[in-house]
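What follows is the content of query_26.cif (mmCIF, C-alpha atoms).
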```cif
data_protein
loop_
_atom_site.label_atom_id
_atom_site.label_comp_id
_atom_site.auth_asym_id
_atom_site.auth_seq_id
_atom_site.Cartn_x
_atom_site.Cartn_y
_atom_site.Cartn_z
CA MET A 1 -4.47 -17.30 -45.87
CA LEU A 2 -2.17 -20.04 -47.13
CA GLY A 3 -1.72 -22.88 -44.63
CA ALA A 4 1.61 -24.50 -43.78
CA GLY A 5 0.73 -27.76 -45.51
CA LEU A 6 -0.25 -25.99 -48.70
CA ILE A 7 2.91 -23.85 -48.72
CA LEU A 8 5.10 -26.94 -48.31
CA PHE A 9 3.10 -28.71 -51.02
CA LEU A 10 3.72 -25.74 -53.32
CA ALA A 11 7.42 -25.87 -52.38
CA VAL A 12 7.76 -29.50 -53.40
CA LEU A 13 5.75 -28.83 -56.58
CA GLN A 14 7.84 -25.75 -57.39
CA GLY A 15 11.18 -27.45 -56.74
CA ALA A 16 10.25 -30.48 -58.80
CA THR A 17 8.82 -28.56 -61.76
CA GLU A 18 10.69 -25.24 -62.01
CA LEU A 19 13.69 -26.51 -63.93
CA PHE A 20 11.95 -29.25 -65.85
CA PRO A 21 10.41 -27.82 -69.04
CA VAL A 22 6.87 -28.23 -67.71
CA SER A 23 6.07 -24.80 -66.16
CA SER A 24 6.16 -24.65 -62.38
CA LEU A 25 3.80 -21.67 -62.40
CA GLY A 26 1.35 -23.57 -64.58
CA HIS A 27 1.51 -26.44 -62.08
CA ALA A 28 1.01 -24.10 -59.12
CA VAL A 29 -2.11 -22.69 -60.77
CA VAL A 30 -3.57 -25.91 -62.26
CA VAL A 31 -2.68 -28.71 -59.82
CA PRO A 32 -4.31 -27.38 -56.59
CA PRO A 33 -7.80 -27.05 -58.17
CA LEU A 34 -7.31 -30.41 -59.88
CA LEU A 35 -6.69 -31.96 -56.44
CA HIS A 36 -9.57 -29.93 -54.93
CA LEU A 37 -7.23 -28.24 -52.47
CA SER A 38 -8.82 -25.41 -50.52
CA PHE A 39 -6.91 -22.67 -52.22
CA ARG A 40 -7.38 -19.39 -54.09
CA GLU A 41 -4.76 -18.15 -56.53
CA THR A 42 -6.02 -14.63 -55.77
CA ASP A 43 -4.89 -14.98 -52.13
CA PRO A 44 -2.63 -11.95 -51.50
CA ALA A 45 0.05 -14.26 -50.07
CA PHE A 46 0.12 -16.53 -53.14
CA VAL A 47 2.44 -14.53 -55.39
CA PRO A 48 4.87 -13.51 -52.59
CA VAL A 49 5.12 -17.12 -51.39
CA LEU A 50 5.66 -18.31 -54.95
CA THR A 51 8.33 -15.65 -55.26
CA LEU A 52 10.15 -16.94 -52.18
CA LEU A 53 10.02 -20.42 -53.66
CA HIS A 54 11.56 -18.99 -56.83
CA LEU A 55 14.35 -17.51 -54.68
CA GLY A 56 15.03 -21.02 -53.40
CA THR A 57 15.24 -22.22 -56.99
CA ALA A 58 17.57 -19.36 -57.94
CA GLY A 59 19.76 -20.31 -54.97
CA ALA A 60 19.90 -23.88 -56.26
CA LEU A 61 21.01 -22.66 -59.70
CA ILE A 62 23.68 -20.42 -58.17
CA VAL A 63 25.02 -23.36 -56.14
CA LEU A 64 24.91 -25.62 -59.21
CA TYR A 65 26.87 -23.16 -61.36
CA ARG A 66 28.79 -21.37 -58.58
CA ASP A 67 32.20 -21.60 -60.26
CA GLN A 68 30.80 -20.56 -63.60
CA TRP A 69 28.85 -17.64 -62.12
CA TRP A 70 32.00 -16.38 -60.43
CA ARG A 71 33.86 -16.46 -63.76
CA ILE A 72 30.89 -14.83 -65.54
CA LEU A 73 30.66 -11.98 -63.02
CA ARG A 74 34.39 -11.30 -63.20
CA GLY A 75 34.20 -11.52 -66.99
CA PHE A 76 31.31 -9.07 -67.07
CA VAL A 77 33.19 -6.49 -65.02
CA ARG A 78 36.32 -6.90 -67.17
CA ALA A 79 34.37 -6.58 -70.43
CA ALA A 80 32.29 -3.63 -69.16
CA VAL A 81 35.39 -1.67 -68.16
CA ARG A 82 37.35 -2.53 -71.30
CA GLY A 83 34.37 -2.14 -73.67
CA ARG A 84 35.39 -5.24 -75.55
CA VAL A 85 34.93 -9.00 -75.19
CA ALA A 86 38.20 -10.90 -74.96
CA ASP A 87 37.44 -14.45 -73.75
CA SER A 88 34.67 -17.02 -73.45
CA ASP A 89 33.63 -16.00 -69.91
CA GLU A 90 33.21 -12.38 -70.98
CA ARG A 91 31.32 -13.49 -74.05
CA LEU A 92 28.99 -15.66 -71.98
CA ALA A 93 28.37 -12.73 -69.63
CA VAL A 94 27.31 -10.55 -72.56
CA LEU A 95 25.09 -13.31 -74.00
CA LEU A 96 23.36 -13.73 -70.63
CA LEU A 97 22.85 -9.99 -70.23
CA VAL A 98 21.37 -9.63 -73.72
CA GLY A 99 19.15 -12.68 -73.17
CA THR A 100 17.94 -11.48 -69.77
CA ILE A 101 16.85 -7.94 -70.62
CA PRO A 102 13.59 -8.69 -72.58
CA ALA A 103 11.97 -10.87 -69.89
CA ALA A 104 13.19 -8.62 -67.09
CA LEU A 105 11.64 -5.50 -68.62
CA VAL A 106 8.35 -7.09 -69.69
CA GLY A 107 8.04 -8.90 -66.36
CA PHE A 108 8.66 -5.73 -64.39
CA PHE A 109 6.41 -3.31 -66.26
CA PHE A 110 3.52 -5.71 -66.94
CA VAL A 111 3.56 -7.53 -63.61
CA SER A 112 0.01 -6.48 -62.66
CA ALA A 113 -1.53 -7.72 -65.90
CA LEU A 114 0.42 -10.97 -65.62
CA LYS A 115 -0.63 -11.56 -62.02
CA SER A 116 -4.29 -11.39 -63.02
CA LEU A 117 -3.72 -14.47 -65.21
CA PHE A 118 -2.67 -16.49 -62.13
CA ALA A 119 -6.32 -16.60 -61.07
CA ASP A 120 -7.39 -18.52 -64.17
CA PRO A 121 -6.51 -22.25 -64.00
CA ARG A 122 -8.21 -22.95 -67.33
CA PHE A 123 -6.01 -20.36 -69.04
CA ALA A 124 -2.92 -21.97 -67.47
CA ALA A 125 -4.16 -25.40 -68.59
CA SER A 126 -4.50 -24.08 -72.16
CA MET A 127 -0.97 -22.68 -72.00
CA LEU A 128 0.35 -26.05 -70.79
CA ILE A 129 -0.95 -27.56 -74.03
CA VAL A 130 0.76 -24.76 -75.97
CA ASN A 131 3.96 -25.46 -74.01
CA GLY A 132 3.78 -29.12 -75.00
CA ALA A 133 3.36 -28.10 -78.64
CA ILE A 134 6.41 -25.79 -78.43
CA LEU A 135 8.61 -28.57 -77.00
CA LEU A 136 7.42 -31.04 -79.61
CA ALA A 137 7.91 -28.54 -82.45
CA ALA A 138 11.48 -27.84 -81.31
CA GLU A 139 12.29 -31.55 -81.37
CA VAL A 140 10.66 -31.96 -84.79
CA PHE A 141 12.79 -29.11 -86.17
CA ARG A 142 15.90 -30.59 -84.57
CA ARG A 143 15.22 -34.07 -85.97
CA ARG A 144 14.78 -32.62 -89.47
CA ASP A 145 18.01 -30.68 -89.06
CA GLU A 146 19.82 -33.79 -87.84
CA ALA A 147 18.47 -35.71 -90.84
CA ALA A 148 19.63 -32.93 -93.19
CA ARG A 149 23.09 -33.05 -91.63
CA GLY A 150 23.17 -36.82 -91.87
CA ALA A 151 23.16 -37.38 -88.11
CA PRO A 152 21.57 -40.64 -86.91
CA ILE A 153 18.04 -39.68 -85.84
CA ALA A 154 17.00 -40.67 -82.33
CA ALA A 155 20.23 -42.50 -81.64
CA PRO A 156 20.89 -42.28 -77.91
CA ALA A 157 24.15 -40.41 -78.27
CA SER A 158 23.21 -38.28 -81.29
CA HIS A 159 23.41 -35.06 -79.31
CA ALA A 160 26.00 -36.02 -76.77
CA ALA A 161 28.53 -33.47 -75.58
CA GLY A 162 31.08 -34.33 -78.21
CA ASP A 163 28.78 -33.99 -81.21
CA PRO A 164 30.53 -31.52 -83.52
CA ALA A 165 27.39 -30.93 -85.62
CA TYR A 166 25.97 -28.56 -83.03
CA GLU A 167 27.48 -25.62 -81.22
CA PRO A 168 28.72 -25.14 -77.66
CA LEU A 169 27.07 -22.30 -75.76
CA GLU A 170 30.02 -19.91 -76.01
CA SER A 171 29.77 -19.83 -79.82
CA LEU A 172 26.16 -18.58 -79.79
CA THR A 173 25.80 -15.22 -81.53
CA VAL A 174 24.46 -12.18 -79.67
CA ARG A 175 21.48 -12.04 -82.04
CA ARG A 176 20.55 -15.65 -81.28
CA ALA A 177 20.98 -15.04 -77.55
CA LEU A 178 18.56 -12.13 -77.90
CA LEU A 179 16.06 -14.38 -79.70
CA VAL A 180 16.29 -16.95 -76.89
CA GLY A 181 15.76 -14.09 -74.44
CA LEU A 182 12.70 -12.90 -76.35
CA CYS A 183 11.28 -16.42 -76.17
CA GLN A 184 11.75 -16.24 -72.40
CA VAL A 185 9.17 -13.42 -72.36
CA GLY A 186 6.49 -15.96 -73.30
CA ALA A 187 7.30 -17.87 -70.13
CA LEU A 188 5.82 -15.05 -68.04
CA LEU A 189 2.46 -16.61 -68.85
CA PRO A 190 1.40 -19.35 -66.42
CA GLY A 191 1.63 -22.67 -68.27
CA ILE A 192 4.52 -21.69 -70.54
CA SER A 193 7.76 -23.09 -69.15
CA ARG A 194 10.75 -20.76 -69.04
CA SER A 195 13.22 -23.62 -69.24
CA GLY A 196 11.02 -25.24 -71.89
CA VAL A 197 10.91 -22.30 -74.29
CA THR A 198 14.55 -21.34 -73.75
CA ILE A 199 15.81 -24.91 -74.22
CA ALA A 200 13.57 -25.19 -77.30
CA ALA A 201 14.87 -21.87 -78.64
CA GLY A 202 18.43 -22.96 -77.88
CA LEU A 203 17.90 -26.14 -79.89
CA VAL A 204 16.51 -24.16 -82.83
CA ALA A 205 19.48 -21.78 -82.49
CA GLY A 206 21.80 -24.77 -83.02
CA LEU A 207 22.93 -25.62 -79.49
CA ARG A 208 23.36 -29.16 -78.26
CA HIS A 209 20.62 -30.31 -75.86
CA GLU A 210 22.83 -30.19 -72.78
CA GLU A 211 24.22 -26.79 -73.76
CA ALA A 212 20.71 -25.45 -74.41
CA ALA A 213 19.75 -26.55 -70.90
CA ARG A 214 22.86 -24.93 -69.43
CA PHE A 215 22.07 -21.64 -71.18
CA SER A 216 18.46 -21.90 -70.03
CA PHE A 217 19.49 -22.39 -66.40
CA LEU A 218 22.07 -19.61 -66.49
CA LEU A 219 19.55 -17.31 -68.19
CA ALA A 220 16.88 -18.11 -65.62
CA THR A 221 19.03 -17.27 -62.59
CA PRO A 222 19.12 -13.45 -62.77
CA VAL A 223 15.44 -13.17 -63.74
CA ILE A 224 14.25 -15.48 -60.96
CA LEU A 225 16.56 -13.85 -58.44
CA ALA A 226 15.56 -10.29 -59.36
CA ALA A 227 11.84 -11.11 -59.43
CA GLY A 228 12.15 -12.74 -56.02
CA LEU A 229 14.08 -9.90 -54.43
CA LEU A 230 11.63 -7.31 -55.79
CA GLU A 231 8.69 -9.16 -54.24
CA VAL A 232 10.27 -9.66 -50.80
CA PRO A 233 9.23 -6.18 -49.49
CA ASP A 234 5.61 -7.01 -50.41
CA LEU A 235 5.54 -10.01 -48.09
CA GLY A 236 4.13 -7.70 -45.45
CA PRO A 237 4.16 -7.95 -41.68
CA ASP A 238 2.82 -11.52 -41.65
CA ARG A 239 5.98 -12.98 -40.05
CA PRO A 240 4.82 -16.61 -39.70
CA THR A 241 4.04 -16.70 -43.42
CA ALA A 242 7.39 -15.11 -44.24
CA LEU A 243 9.32 -17.57 -42.05
CA LEU A 244 7.35 -20.50 -43.39
CA GLY A 245 7.92 -19.18 -46.90
CA ALA A 246 11.66 -19.05 -46.24
CA ALA A 247 11.69 -22.66 -44.99
CA ALA A 248 9.67 -23.68 -48.04
CA ALA A 249 12.19 -21.86 -50.24
CA VAL A 250 14.95 -24.09 -48.85
CA VAL A 251 12.86 -27.19 -49.60
CA ALA A 252 12.16 -25.93 -53.13
CA GLY A 253 15.86 -25.16 -53.61
CA VAL A 254 17.08 -28.61 -52.59
CA ILE A 255 14.56 -30.35 -54.84
CA ALA A 256 15.32 -27.95 -57.70
CA TYR A 257 19.05 -28.68 -57.37
CA LEU A 258 18.44 -32.42 -57.66
CA SER A 259 16.03 -31.83 -60.57
CA ALA A 260 18.59 -29.74 -62.46
CA ARG A 261 21.32 -32.36 -62.00
CA PHE A 262 18.93 -35.01 -63.26
CA LEU A 263 17.78 -32.96 -66.27
CA LEU A 264 21.33 -32.11 -67.35
CA ARG A 265 22.25 -35.79 -67.21
CA TYR A 266 19.05 -36.80 -69.01
CA LEU A 267 19.60 -34.32 -71.84
CA ARG A 268 23.00 -35.79 -72.68
CA SER A 269 21.04 -38.38 -74.62
CA GLY A 270 17.33 -37.75 -74.00
CA ARG A 271 14.90 -35.44 -75.77
CA LEU A 272 12.05 -33.11 -74.79
CA ASP A 273 9.25 -35.31 -76.15
CA PRO A 274 8.22 -36.92 -72.83
CA PHE A 275 7.84 -33.50 -71.22
CA ALA A 276 5.76 -32.32 -74.19
CA TYR A 277 3.32 -35.21 -73.87
CA TYR A 278 3.12 -34.73 -70.10
CA CYS A 279 2.30 -31.00 -70.45
CA ALA A 280 -0.34 -31.69 -73.07
CA ALA A 281 -1.94 -34.39 -70.91
CA LEU A 282 -2.00 -32.18 -67.80
CA GLY A 283 -3.41 -29.28 -69.82
CA VAL A 284 -6.21 -31.41 -71.25
CA ALA A 285 -6.98 -32.80 -67.78
CA GLY A 286 -7.13 -29.26 -66.42
CA LEU A 287 -9.47 -28.07 -69.17
CA VAL A 288 -11.77 -31.07 -68.74
CA LEU A 289 -11.83 -31.33 -64.95
CA ILE A 290 -11.58 -27.73 -63.70
CA ARG A 291 -14.88 -25.83 -63.79
CA MET B 1 29.35 -4.94 -81.42
CA LYS B 2 30.72 -2.75 -84.20
CA SER B 3 32.23 0.53 -83.07
CA SER B 4 30.07 3.54 -83.84
CA GLY B 5 30.51 7.05 -82.46
CA PRO B 6 26.90 8.14 -83.05
CA LEU B 7 25.57 4.96 -81.44
CA ALA B 8 27.78 5.55 -78.40
CA VAL B 9 26.46 9.13 -78.11
CA LEU B 10 22.88 7.84 -78.46
CA LEU B 11 23.46 5.30 -75.69
CA VAL B 12 24.93 7.96 -73.39
CA ALA B 13 21.86 10.13 -74.06
CA LEU B 14 19.66 7.14 -73.24
CA ALA B 15 21.62 6.62 -70.01
CA ILE B 16 20.95 10.25 -69.05
CA VAL B 17 17.21 9.79 -69.73
CA PHE B 18 17.15 6.63 -67.59
CA ALA B 19 19.08 8.38 -64.82
CA ALA B 20 16.58 11.25 -64.90
CA LEU B 21 13.70 8.77 -64.68
CA ALA B 22 15.43 7.08 -61.75
CA VAL B 23 15.68 10.40 -59.91
CA PHE B 24 12.03 11.10 -60.79
CA TYR B 25 10.84 7.80 -59.32
CA PHE B 26 13.04 8.21 -56.23
CA THR B 27 11.62 11.65 -55.46
CA VAL B 28 8.12 12.11 -56.92
CA ARG B 29 4.84 10.45 -56.00
CA THR B 30 3.49 9.23 -59.34
CA SER B 31 1.34 6.57 -60.99
CA LEU B 32 3.31 6.73 -64.26
CA LEU B 33 3.98 3.12 -65.42
CA ALA B 34 2.70 1.97 -62.02
CA SER B 35 -0.56 0.80 -60.50
CA GLU B 36 -0.93 3.42 -57.76
CA THR B 37 0.26 6.92 -56.86
CA ALA B 38 3.33 6.58 -54.65
CA VAL B 39 7.11 6.89 -54.62
CA HIS B 40 8.14 3.80 -56.58
CA TYR B 41 11.57 2.70 -55.39
CA LYS B 42 11.50 -0.49 -57.48
CA HIS B 43 10.99 1.58 -60.63
CA ALA B 44 13.82 3.86 -59.52
CA PHE B 45 16.19 0.89 -59.07
CA VAL B 46 15.22 -0.55 -62.45
CA PHE B 47 15.86 2.75 -64.23
CA THR B 48 19.17 3.10 -62.37
CA ALA B 49 20.16 -0.36 -63.63
CA LEU B 50 19.09 0.59 -67.16
CA ALA B 51 21.18 3.76 -66.97
CA VAL B 52 24.27 1.76 -65.92
CA LEU B 53 23.66 -0.82 -68.67
CA SER B 54 23.29 1.94 -71.26
CA LEU B 55 26.64 3.38 -70.21
CA ILE B 56 28.25 -0.06 -70.47
CA ALA B 57 26.72 -0.50 -73.94
CA ALA B 58 28.06 2.96 -74.89
CA ASN B 59 31.52 1.85 -73.76
CA PHE B 60 31.21 -1.18 -76.07
CA ALA B 61 30.00 0.99 -78.96
CA ARG B 62 32.56 3.80 -78.76
CA PRO B 63 35.36 3.76 -81.30
CA LYS B 64 38.58 2.51 -79.72
CA ALA B 65 42.18 3.20 -80.55
CA ALA B 66 43.74 0.48 -82.72
CA LEU B 67 45.65 -2.19 -80.80
CA ARG B 68 49.41 -1.91 -81.21
#
```
Using C-alpha cells, write down the structure that the file contains.
Amino acid sequence: MLGAGLILFLAVLQGATELFPVSSLGHAVVVPPLLHLSFRETDPAFVPVLTLLHLGTAGALIVLYRDQWWRILRGFVRAAVRGRVADSDERLAVLLLVGTIPAALVGFFFVSALKSLFADPRFAASMLIVNGAILLAAEVFRRRDEAARGAPIAAPASHAAGDPAYEPLESLTVRRALLVGLCQVGALLPGISRSGVTIAAGLVAGLRHEEAARFSFLLATPVILAAGLLEVPDLGPDRPTALLGAAAAVVAGVIAYLSARFLLRYLRSGRLDPFAYYCAALGVAGLVLIR
Amino acid sequence: MKSSGPLAVLLVALAIVFAALAVFYFTVRTSLLASETAVHYKHAFVFTALAVLSLIAANFARPKAALR
C-alpha cells in the first residue's frame, strides 16, 4: 500500500521530471530505493498512481498549449473530412497523429512486459545512462551540423527562434515526424526520457531547440492522456488511494506546467548537455548504490 | 500523401478488419493479444480508433477531382 507521503513525494518528483529530458519514470523507479524509502515498485497501486500523475502532467500540457490544441483539433477534423491538408494547423495535426501512433500501439499491446521492467531499479539506472548518451549524441550531431553550416558553435543565441538555419515545426516532413514518433517508443522503457528522445530526434531532424521541445510536448500529450485514461478503471475500489492520487495529480500538473515554461525558455539559448550529465550521474549512482 | 486508388481500397479493407476486431473484443471473452481471458473493452476501443484512423487515411489516399 502506498502511503500519502510517498504518493505526494512521487507527485513532486513526477511533476518536476516529466517534461525535463531526464525520465520521470526512471526517477520514480530509481530515486525511492536510492533514498531507502519503504516502497515496492511491484505494489499494485504503483502503476495506477503513476498514471494519475501522468494525467496531471497531460492536463498541464493541455493548459500550456490550449489555444494551439484547439486549432489542431479543428484542423484535424477539417483535414480528415476534406482528405487533404490545407494549412499549418491541419499539417501539425497530421504530424502529431503520425508521430503518436507508434508509441501508442507498442505501449498498449506490450504494457504487461513493460510493467515488469518497473520492478528493476538497476535496469532503470542503466537506461538513465543510455538516456544521457542519447542527449549528448544529439547535441554533438547538432554542433557538427552547425559547424558545417557556418553557425557560431555554442553561442548563446545560435539556436534562437529567429535562426533561419533550422526549421520551424510546421515544415517538418511526415516521414521525419514518424521517425520522431518511433523514437518515442524507446521512452516506454523506464530511464529513457520521452521528452529527451523526442527533443533529440527533433534536433537531428533539423528543428530548432525550442521547436523540438514544442513538438515533444505536443506529441506527449495524447499518449500520456490516453495511457492515463486507460489505467483509471484499474484503480480499483480503493477510494482513499484514488482521491489521494487525484490530489497528487493536481500537484504534479502544477509543477509540470512550471517546468515546461522553464524548459521552453531555457531552450531558446540552452542545450541538452546539462541534462545528459545529470542522467548519467544518477544512473551511475543507482548502479553503484542500489543492491 | 500521394493519391492512390489501390492504397485507398487497402486502407478501407484494413478499416473493416479493425472494425471486425473491435466487435470481436466487445463481444467475445478471449485472451488474444491480452493477458487473461475476458471481454477486453480497452482492446475494443483501440481497434475502433484504428478503424476510424484507417478510414481517414483512406480519405487522404483516394484520388480526388482536380481543383477548378
Enumerate as number ranges by chain the residues belonging to chain B that approach chain A to within 6 Å, with only C-alpha atoms taken into account. B: 56, 59-60
Atom CA of A:Gly107 to atom CA of A:Glu210, straight-line distance in Å: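 It comes out at 26.7 Å.
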Around all of stretch 15-23 of chain B's listed atoms, make the axis-aligned box with 5 Å on each side and tell me centre and edge lengths in Å to one decimal, as AutoDock Vina command-line options.
```
--center_x 17.7 --center_y 8.9 --center_z -65.0 --size_x 17.9 --size_y 14.6 --size_z 20.1
```
Contacts of B:His40 at 10 Å or less, counting only C-alpha atoms, minus same-chain residues fewer than 6 places along, as number ranges by chain? B: 22, 24-34
Atomic distance atom CA of A:Tyr166 - atom CA of A:Arg208, expressed in Å with one decimal: 5.5 Å
I'd like the neighbourhood of A:Ile199 as a PyMOL selection string, where a residue qualifies if any of its atoms comes within 6 Å (using all atoms listed in the file), though same-chain residues fewer than 3 positions away should be ignored. chain A and resi 195-196+202+212-213+216
Within 12 Å of A:Leu37, counting only C-alpha atoms, which residues qualify if same-chain residues fewer than 3 places away don't, as a list in words?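 Counting only C-alpha atoms, the residues come to Leu2, Gly3, Gly5, Leu6, Ile7, Phe9, Leu10, Ala28, Val29, Val30, Val31, Pro32, Pro33, Leu34, Arg40 and Glu41 of chain A.
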Separation of atom CA of A:Glu167 and atom CA of A:Val140, in Å?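 Interatomic distance, atom CA of A:Glu167 to atom CA of A:Val140: 18.3 Å.
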Can you translate the PyMOL selection byres ((chain A and resi 219) around 12) into the concrete residues it hits in this file, as a VMD selection string? chain A and resid 19 58 61 to 62 65 69 72 92 to 104 169 177 to 178 180 to 185 194 to 195 197 to 199 202 211 to 218 220 to 226
Keeping only C-alpha atoms, write the selected residues to a file as a compact mmCIF listing (two decimals), in the coordinates of the input.
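What ended up in result35.txt:
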```
# COMPACT_ATOMS: atom_id res chain seq x y z
CA LEU A 19 13.69 -26.51 -63.93
CA ALA A 58 17.57 -19.36 -57.94
CA LEU A 61 21.01 -22.66 -59.70
CA ILE A 62 23.68 -20.42 -58.17
CA TYR A 65 26.87 -23.16 -61.36
CA TRP A 69 28.85 -17.64 -62.12
CA ILE A 72 30.89 -14.83 -65.54
CA LEU A 92 28.99 -15.66 -71.98
CA ALA A 93 28.37 -12.73 -69.63
CA VAL A 94 27.31 -10.55 -72.56
CA LEU A 95 25.09 -13.31 -74.00
CA LEU A 96 23.36 -13.73 -70.63
CA LEU A 97 22.85 -9.99 -70.23
CA VAL A 98 21.37 -9.63 -73.72
CA GLY A 99 19.15 -12.68 -73.17
CA THR A 100 17.94 -11.48 -69.77
CA ILE A 101 16.85 -7.94 -70.62
CA PRO A 102 13.59 -8.69 -72.58
CA ALA A 103 11.97 -10.87 -69.89
CA ALA A 104 13.19 -8.62 -67.09
CA LEU A 169 27.07 -22.30 -75.76
CA ALA A 177 20.98 -15.04 -77.55
CA LEU A 178 18.56 -12.13 -77.90
CA VAL A 180 16.29 -16.95 -76.89
CA GLY A 181 15.76 -14.09 -74.44
CA LEU A 182 12.70 -12.90 -76.35
CA CYS A 183 11.28 -16.42 -76.17
CA GLN A 184 11.75 -16.24 -72.40
CA VAL A 185 9.17 -13.42 -72.36
CA ARG A 194 10.75 -20.76 -69.04
CA SER A 195 13.22 -23.62 -69.24
CA VAL A 197 10.91 -22.30 -74.29
CA THR A 198 14.55 -21.34 -73.75
CA ILE A 199 15.81 -24.91 -74.22
CA GLY A 202 18.43 -22.96 -77.88
CA GLU A 211 24.22 -26.79 -73.76
CA ALA A 212 20.71 -25.45 -74.41
CA ALA A 213 19.75 -26.55 -70.90
CA ARG A 214 22.86 -24.93 -69.43
CA PHE A 215 22.07 -21.64 -71.18
CA SER A 216 18.46 -21.90 -70.03
CA PHE A 217 19.49 -22.39 -66.40
CA LEU A 218 22.07 -19.61 -66.49
CA ALA A 220 16.88 -18.11 -65.62
CA THR A 221 19.03 -17.27 -62.59
CA PRO A 222 19.12 -13.45 -62.77
CA VAL A 223 15.44 -13.17 -63.74
CA ILE A 224 14.25 -15.48 -60.96
CA LEU A 225 16.56 -13.85 -58.44
CA ALA A 226 15.56 -10.29 -59.36
```
Applying 10 Å and all atoms listed in the file, which residues near B:Leu55 remain after dropping the ones on its own chain fewer than 6 positions away? List them as a list of chain:residue names.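 The residues satisfying every condition are A:Ala80, B:Ala8, B:Val9, B:Leu11, B:Val12, B:Ala13, B:Leu14, B:Ala15, B:Ile16, B:Ala49, B:Ala61.
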Protein/DNA/RNA residues near (30.9, 1.4, -84.3), cut 10 Å, all atoms listed in the file, as a short mmCIF file (atom, residue, chain, number, x, y, z; two decimals) with C-alpha atoms, in the frame of the given file:
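After the write, result28.cif holds the following:
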```cif
data_model
loop_
_atom_site.label_atom_id
_atom_site.label_comp_id
_atom_site.auth_asym_id
_atom_site.auth_seq_id
_atom_site.Cartn_x
_atom_site.Cartn_y
_atom_site.Cartn_z
CA MET B 1 29.35 -4.94 -81.42
CA LYS B 2 30.72 -2.75 -84.20
CA SER B 3 32.23 0.53 -83.07
CA SER B 4 30.07 3.54 -83.84
CA GLY B 5 30.51 7.05 -82.46
CA PRO B 6 26.90 8.14 -83.05
CA LEU B 7 25.57 4.96 -81.44
CA ALA B 8 27.78 5.55 -78.40
CA ALA B 58 28.06 2.96 -74.89
CA PHE B 60 31.21 -1.18 -76.07
CA ALA B 61 30.00 0.99 -78.96
CA ARG B 62 32.56 3.80 -78.76
CA PRO B 63 35.36 3.76 -81.30
CA LYS B 64 38.58 2.51 -79.72
#
```
Restricting the calculation to all atoms listed in the file: of A:Gly132, A:Pro274, A:Gly286, A:Gly206, which residue gets closest to A:Leu172?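 Between A:Gly132, A:Pro274, A:Gly286, A:Gly206, the residue approaching A:Leu172 most closely is A:Gly206.
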Using the chain letters and numbers from the file, which residues does the PyMOL selection byres ((chain A and resi 118) around 9) grab, as a PDB file with C-alpha atoms, in the coordinates of the input?
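What ended up in part23.pdb:
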```pdb
ATOM      1  CA  LEU A  25       3.800 -21.670 -62.400  1.00  0.00           C
ATOM      2  CA  GLY A  26       1.350 -23.570 -64.580  1.00  0.00           C
ATOM      3  CA  ALA A  28       1.010 -24.100 -59.120  1.00  0.00           C
ATOM      4  CA  VAL A  29      -2.110 -22.690 -60.770  1.00  0.00           C
ATOM      5  CA  GLU A  41      -4.760 -18.150 -56.530  1.00  0.00           C
ATOM      6  CA  THR A  42      -6.020 -14.630 -55.770  1.00  0.00           C
ATOM      7  CA  VAL A  47       2.440 -14.530 -55.390  1.00  0.00           C
ATOM      8  CA  LEU A 114       0.420 -10.970 -65.620  1.00  0.00           C
ATOM      9  CA  LYS A 115      -0.630 -11.560 -62.020  1.00  0.00           C
ATOM     10  CA  SER A 116      -4.290 -11.390 -63.020  1.00  0.00           C
ATOM     11  CA  LEU A 117      -3.720 -14.470 -65.210  1.00  0.00           C
ATOM     12  CA  ALA A 119      -6.320 -16.600 -61.070  1.00  0.00           C
ATOM     13  CA  ASP A 120      -7.390 -18.520 -64.170  1.00  0.00           C
ATOM     14  CA  PRO A 121      -6.510 -22.250 -64.000  1.00  0.00           C
ATOM     15  CA  PHE A 123      -6.010 -20.360 -69.040  1.00  0.00           C
ATOM     16  CA  ALA A 124      -2.920 -21.970 -67.470  1.00  0.00           C
ATOM     17  CA  LEU A 189       2.460 -16.610 -68.850  1.00  0.00           C
ATOM     18  CA  PRO A 190       1.400 -19.350 -66.420  1.00  0.00           C
TER      19      PRO A 190
END
```
Carefully work through the PyMOL selection byres ((chain B and resi 47) around 8) for this structure and note down the residues it includes, as a compact mmCIF listing (two decimals) with C-alpha atoms, in the frame of the given file.
```
# COMPACT_ATOMS: atom_id res chain seq x y z
CA PHE B 18 17.15 6.63 -67.59
CA ALA B 19 19.08 8.38 -64.82
CA LEU B 21 13.70 8.77 -64.68
CA ALA B 22 15.43 7.08 -61.75
CA HIS B 43 10.99 1.58 -60.63
CA ALA B 44 13.82 3.86 -59.52
CA PHE B 45 16.19 0.89 -59.07
CA VAL B 46 15.22 -0.55 -62.45
CA THR B 48 19.17 3.10 -62.37
CA ALA B 49 20.16 -0.36 -63.63
CA LEU B 50 19.09 0.59 -67.16
CA ALA B 51 21.18 3.76 -66.97
```
Need the shell around A:Leu128: protein/DNA/RNA residues with any atom at most 9 Å away, counting all atoms listed in the file. Skip same-chain ones fewer than 3 positions apart. Format as a PyMOL selection string? chain A and resi 22-23+26-27+123-125+131-133+190-193+276+279-284
Quick one: of B:Glu36, B:Ala65, B:Ala57, B:Tyr41, who's nearest to B:Val23, counting all atoms listed in the file?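 Closest to B:Val23 of all the choices is B:Tyr41.
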